[in-house]
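A.B. asks: Before anything else, here's the structure in question.
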Number of protein chains: 2
Amino acid sequence: MAQGNAGDRPASAAVLVIGDEILSGRTQDVNTRYIANYLAQIGVDLLEARIVRDDMEAIGEALNALRARYTYVFTTGGIGPTHDDITADAVARAFGVDIGEDPRAIALLSERFSQAELNAARRRMARIPKGAELIFNAISKAPGFWIGNVIVMAGVPMIMQNMMDVVGPRLAAGPPVLVETVEADGVPEGAYAEGLEAIARAHDGVSVGSYPAFTSGGIRNQIVLRCRDAALLSRAAQATRAMIESLSKELAR
Amino acid sequence: MAQGNAGDRPASAAVLVIGDEILSGRTQDVNTRYIANYLAQIGVDLLEARIVRDDMEAIGEALNALRARYTYVFTTGGIGPTHDDITADAVARAFGVDIGEDPRAIALLSERFSQAELNAARRRMARIPKGAELIFNAISKAPGFWIGNVIVMAGVPMIMQNMMDVVGPRLAAGPPVLVETVEADGVPEGAYAEGLEAIARAHDGVSVGSYPAFTSGGIRNQIVLRCRDAALLSRAAQATRAMIESLSKELAR
């Protein structure tokens, strides 16, 4: 059973990455892109992402702004056993609900840790806001949780991905966004920009992006077309390919 | 001459990544991390990052929120020649200033393009908000710009990095944030979390983060300590190393 406001419009989403290590440059965030690809495949539109530090105010403010605006908010990071893991407390405060040790979470952690090992720090991982549903993870056993429209996941990519697989089938999926990529090798953006704009205008509903890349082999631009309507997408892609072919011949003269 | 409010507190910054390609999952953003590392080295605190789509409203709203709050806002993406490149127009609108073809930017583009090549699309890259200062780039010649406390750069990493080198020396730099990393191989987070929290409390001003990693070789956690005061940082790092060593011996028993 899907949660979220499954109406006529596709479900929307935001990612909230939590962690000083991303903003200090220590760690390259790869979770946003993984979630982006996951959501595109199930037809949920990722419309925004934010990265905030391990700070109660910063997390709470971003969370409240995003959860008011989008169908889903996916957070990553800050649910481990150390003092800088404050996401669960920040989420509880943002929702105005109590937080405490959750017996269901303690039961999960007990599958991995003996009673002696389950010290105060590890028990922190069982702190879950009241009313939240747990998200199981097979790797470290420490659960994520789902409260309202907010899905709280681990920062370690492998564990986050495991949680995404648990959550994914329950999201309000829609028709996936289909993608066509047109290679524009050797044709500079400035040469096809006007033609591409005309194609974009003539195919309302197709998102048309142009992405330049300069490699040692020269210009390797890509034009990416995205749309939920396969026929419309195909027409736009054909028009784009025809234009690039024609320009390519012209430039080769 | 540095711009920005160089007071007693270190300068702060936000990154605003602009581009559908990041939120669709097509492209991995690497600019945020690059800017994060750059700023850490010159002592500017990166406190937040946002990723928004190629949309006037979304760009404007994020930009206005961030520029009101931080010393600097660095944007990346959306300043090329195609129709989806709308950053300059969105920035002009956010600042409430006019935008038009800038003769200085046309002069720069003329170094690369002949008059015949300088078509309407390429001239788009010379659209600069009134009152902005240009940021030269040696690679594509299309300039970024600096207006108020907002620094607008390209999305192509190589070009963005080139622009950062132009801008960097003029930022209100402060004492760099020094970093010490303590390897905690084989010691689980749950075992050192309580000791680490005590160390963090005893060394006010040191930011202490714990970053778990699970590899095929087992647990390879890292504890990262960050502080502008070298002596204070060193004391905190020594205490951390001593704690990990002691726990490591205990676990080996």
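Just so we're on the same page: first chain in the structure tokens is A, next is B, and so on; residues restart at 1 for each chain, and ligands are numbered from 1 in the order they show up.
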Specify as a VMD selection string all residues of chain B found within 6 Å of chain A, counting only C-alpha atoms.

C.D. replies: chain B and resid 23 to 25 33 36 to 37 46 48 to 52 81 to 83 121 to 122 190 193 197

A.B. asks: Give me a file of those residues, with C-alpha atoms, as a PDB file, in the first residue's frame.

C.D. replies:
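After the write, result27.pdb holds the following:
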ATOM      1  CA  LEU B  23      18.315  15.863  -9.811  1.00  0.00           C
ATOM      2  CA  SER B  24      17.519  13.378 -12.588  1.00  0.00           C
ATOM      3  CA  GLY B  25      20.517  11.278 -11.583  1.00  0.00           C
ATOM      4  CA  ARG B  33      32.968  18.854  -2.804  1.00  0.00           C
ATOM      5  CA  ALA B  36      34.037  22.651   0.043  1.00  0.00           C
ATOM      6  CA  ASN B  37      37.697  21.663   0.030  1.00  0.00           C
ATOM      7  CA  LEU B  46      30.695  26.105   3.962  1.00  0.00           C
ATOM      8  CA  GLU B  48      24.878  24.618   3.430  1.00  0.00           C
ATOM      9  CA  ALA B  49      24.366  23.426  -0.119  1.00  0.00           C
ATOM     10  CA  ARG B  50      21.266  23.173  -2.253  1.00  0.00           C
ATOM     11  CA  ILE B  51      20.535  21.580  -5.597  1.00  0.00           C
ATOM     12  CA  VAL B  52      17.684  23.061  -7.616  1.00  0.00           C
ATOM     13  CA  PRO B  81      24.300  29.012 -24.642  1.00  0.00           C
ATOM     14  CA  THR B  82      21.235  26.747 -24.645  1.00  0.00           C
ATOM     15  CA  HIS B  83      17.638  27.517 -23.681  1.00  0.00           C
ATOM     16  CA  ALA B 121      22.801  31.498 -28.834  1.00  0.00           C
ATOM     17  CA  ARG B 122      26.437  32.220 -28.096  1.00  0.00           C
ATOM     18  CA  GLY B 190      29.536   1.600  19.356  1.00  0.00           C
ATOM     19  CA  ALA B 193      31.106   6.455  20.999  1.00  0.00           C
ATOM     20  CA  GLU B 197      31.569  12.166  23.273  1.00  0.00           C
TER      21      GLU B 197
END

A.B. asks: Enter the distance from atom CA of B:Met163 to atom CA of B:Gly77, in Å, rounded to one decimal.

C.D. replies: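 Atom CA of B:Gly77 lies at a distance of 12.3 Å from atom CA of B:Met163.
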
A.B. asks: Can you tell me, as a PyMOL selection string, what residues are no more than 8 Å from B:Asn149 when counting only C-alpha atoms, ignoring any on the same chain fewer than 3 positions away?

C.D. replies: chain B and resi 4+67+71-73+146

A.B. asks: So the first atom is atom CA of B:Asp55 and the second is atom CA of B:Ala92; what is the distance between them in Å, to one decimal place?

C.D. replies: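 The value is 13.7 Å.
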
A.B. asks: Work out how far atom CA of B:Thr240 is from atom CA of A:Arg112, in Å to one decimal.

C.D. replies: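 Here the two named atoms are 26.2 Å from each other.
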
A.B. asks: How would you write, as a PyMOL selection string, the set of residues in stretch 108-202 of chain B that DSSP gives as strand (DSSP E)?

C.D. replies: chain B and resi 127-129+133-135+144-147+150-153+178-185

A.B. asks: Can those selected residues be exported to a file as a compact mmCIF listing (two decimals), in the first residue's frame so that it contains C-alpha atoms?

C.D. replies:
# COMPACT_ATOMS: atom_id res chain seq x y z
CA ARG B 127 23.96 38.24 -20.83
CA ILE B 128 25.17 39.62 -17.50
CA PRO B 129 23.11 41.32 -14.77
CA GLU B 133 31.72 42.01 -12.24
CA LEU B 134 32.91 39.40 -14.75
CA ILE B 135 34.84 36.29 -13.75
CA GLY B 144 31.04 33.87 -14.82
CA PHE B 145 30.12 36.88 -12.72
CA TRP B 146 30.08 38.26 -9.20
CA ILE B 147 27.15 40.35 -8.01
CA VAL B 150 26.83 35.89 -5.17
CA ILE B 151 29.46 34.26 -7.33
CA VAL B 152 28.06 32.65 -10.47
CA MET B 153 30.19 29.93 -12.05
CA LEU B 178 42.88 22.28 10.54
CA VAL B 179 42.05 18.60 10.35
CA GLU B 180 43.32 15.54 12.21
CA THR B 181 42.13 12.10 11.25
CA VAL B 182 42.37 9.22 13.69
CA GLU B 183 42.10 5.76 12.15
CA ALA B 184 39.98 3.44 14.22
CA ASP B 185 40.51 0.24 12.25

A.B. asks: Using only C-alpha atoms, pick whichever of A:Ala154, A:Ile59, A:Gly205, A:Ala132 has the shortest atom-to-atom distance to A:Gly100.

C.D. replies: A:Ala132

A.B. asks: From a DSSP calculation on the backbone, collect every residue of stretch 132-246 of chain A in alpha helix (DSSP H) and output the set as a tab-separated table (two decimals) with N, CA and C atoms, in the first residue's frame.

C.D. replies:
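Output below, filename states27.tsv:
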chain	number	residue	atom	x	y	z
A	157	PRO	N	26.43	4.50	2.17
A	157	PRO	CA	25.68	4.22	0.94
A	157	PRO	C	25.10	2.80	0.87
A	158	MET	N	25.88	1.82	1.25
A	158	MET	CA	25.41	0.43	1.18
A	158	MET	C	24.15	0.22	2.03
A	159	ILE	N	24.13	0.81	3.20
A	159	ILE	CA	22.98	0.66	4.10
A	159	ILE	C	21.79	1.49	3.60
A	160	MET	N	22.08	2.69	3.12
A	160	MET	CA	21.01	3.54	2.56
A	160	MET	C	20.33	2.81	1.41
A	161	GLN	N	21.13	2.18	0.55
A	161	GLN	CA	20.56	1.48	-0.61
A	161	GLN	C	19.68	0.32	-0.18
A	162	ASN	N	20.12	-0.36	0.88
A	162	ASN	CA	19.32	-1.44	1.44
A	162	ASN	C	17.97	-0.91	1.94
A	163	MET	N	18.00	0.22	2.60
A	163	MET	CA	16.76	0.81	3.11
A	163	MET	C	15.85	1.28	1.98
A	164	MET	N	16.47	1.82	0.92
A	164	MET	CA	15.70	2.29	-0.24
A	164	MET	C	14.93	1.11	-0.86
A	165	ASP	N	15.54	-0.06	-0.86
A	165	ASP	CA	14.86	-1.24	-1.40
A	165	ASP	C	13.67	-1.67	-0.54
A	166	VAL	N	13.77	-1.37	0.76
A	166	VAL	CA	12.64	-1.68	1.65
A	166	VAL	C	11.51	-0.68	1.43
A	167	VAL	N	11.87	0.57	1.27
A	167	VAL	CA	10.89	1.65	1.17
A	167	VAL	C	10.28	1.75	-0.22
A	189	GLU	N	27.74	23.34	-28.65
A	189	GLU	CA	26.43	23.78	-28.16
A	189	GLU	C	25.94	25.04	-28.88
A	190	GLY	N	26.87	25.98	-29.10
A	190	GLY	CA	26.48	27.24	-29.71
A	190	GLY	C	25.94	27.06	-31.12
A	191	ALA	N	26.29	25.95	-31.76
A	191	ALA	CA	25.81	25.71	-33.13
A	191	ALA	C	24.40	25.12	-33.13
A	192	TYR	N	24.06	24.36	-32.09
A	192	TYR	CA	22.73	23.74	-32.11
A	192	TYR	C	21.72	24.35	-31.13
A	193	ALA	N	22.16	25.34	-30.37
A	193	ALA	CA	21.31	25.89	-29.30
A	193	ALA	C	19.99	26.43	-29.85
A	194	GLU	N	20.04	27.18	-30.95
A	194	GLU	CA	18.80	27.77	-31.47
A	194	GLU	C	17.85	26.70	-31.97
A	195	GLY	N	18.41	25.74	-32.72
A	195	GLY	CA	17.56	24.66	-33.23
A	195	GLY	C	16.96	23.85	-32.08
A	196	LEU	N	17.74	23.66	-31.04
A	196	LEU	CA	17.27	22.87	-29.90
A	196	LEU	C	16.14	23.59	-29.16
A	197	GLU	N	16.28	24.89	-29.05
A	197	GLU	CA	15.21	25.65	-28.38
A	197	GLU	C	13.90	25.52	-29.17
A	198	ALA	N	14.01	25.58	-30.49
A	198	ALA	CA	12.81	25.44	-31.33
A	198	ALA	C	12.18	24.06	-31.13
A	199	ILE	N	13.01	23.04	-31.03
A	199	ILE	CA	12.50	21.68	-30.80
A	199	ILE	C	11.83	21.59	-29.42
A	200	ALA	N	12.46	22.19	-28.43
A	200	ALA	CA	11.88	22.18	-27.09
A	200	ALA	C	10.52	22.86	-27.08
A	201	ARG	N	10.43	24.00	-27.77
A	201	ARG	CA	9.16	24.73	-27.83
A	201	ARG	C	8.09	23.92	-28.55
A	202	ALA	N	8.50	23.20	-29.59
A	202	ALA	CA	7.54	22.46	-30.42
A	202	ALA	C	7.09	21.16	-29.75
A	230	ALA	N	5.88	8.31	-24.26
A	230	ALA	CA	6.87	7.69	-25.13
A	230	ALA	C	6.79	8.22	-26.57
A	231	ALA	N	5.59	8.42	-27.08
A	231	ALA	CA	5.44	8.86	-28.46
A	231	ALA	C	5.97	10.28	-28.64
A	232	LEU	N	5.60	11.13	-27.69
A	232	LEU	CA	6.05	12.53	-27.74
A	232	LEU	C	7.58	12.59	-27.63
A	233	LEU	N	8.11	11.79	-26.72
A	233	LEU	CA	9.56	11.76	-26.52
A	233	LEU	C	10.27	11.32	-27.80
A	234	SER	N	9.71	10.31	-28.44
A	234	SER	CA	10.32	9.76	-29.65
A	234	SER	C	10.33	10.81	-30.77
A	235	ARG	N	9.23	11.55	-30.91
A	235	ARG	CA	9.19	12.60	-31.94
A	235	ARG	C	10.25	13.67	-31.67
A	236	ALA	N	10.38	14.06	-30.41
A	236	ALA	CA	11.36	15.10	-30.07
A	236	ALA	C	12.79	14.60	-30.32
A	237	ALA	N	13.03	13.33	-29.98
A	237	ALA	CA	14.37	12.77	-30.17
A	237	ALA	C	14.70	12.67	-31.66
A	238	GLN	N	13.71	12.27	-32.46
A	238	GLN	CA	13.94	12.19	-33.91
A	238	GLN	C	14.29	13.56	-34.50
A	239	ALA	N	13.55	14.55	-34.08
A	239	ALA	CA	13.81	15.91	-34.57
A	239	ALA	C	15.21	16.36	-34.16
A	240	THR	N	15.61	16.00	-32.93
A	240	THR	CA	16.93	16.40	-32.44
A	240	THR	C	18.04	15.70	-33.23
A	241	ARG	N	17.85	14.40	-33.44
A	241	ARG	CA	18.87	13.64	-34.19
A	241	ARG	C	19.02	14.19	-35.60
A	242	ALA	N	17.89	14.50	-36.23
A	242	ALA	CA	17.93	15.03	-37.60
A	242	ALA	C	18.69	16.35	-37.63
A	243	MET	N	18.43	17.19	-36.63
A	243	MET	CA	19.11	18.49	-36.60
A	243	MET	C	20.62	18.32	-36.42
A	244	ILE	N	21.01	17.44	-35.49
A	244	ILE	CA	22.44	17.25	-35.22
A	244	ILE	C	23.14	16.66	-36.44
A	245	GLU	N	22.48	15.72	-37.10
A	245	GLU	CA	23.06	15.13	-38.31
A	245	GLU	C	23.30	16.19	-39.38
A	246	SER	N	22.30	17.02	-39.56
A	246	SER	CA	22.40	18.05	-40.58
A	246	SER	C	23.52	19.05	-40.25
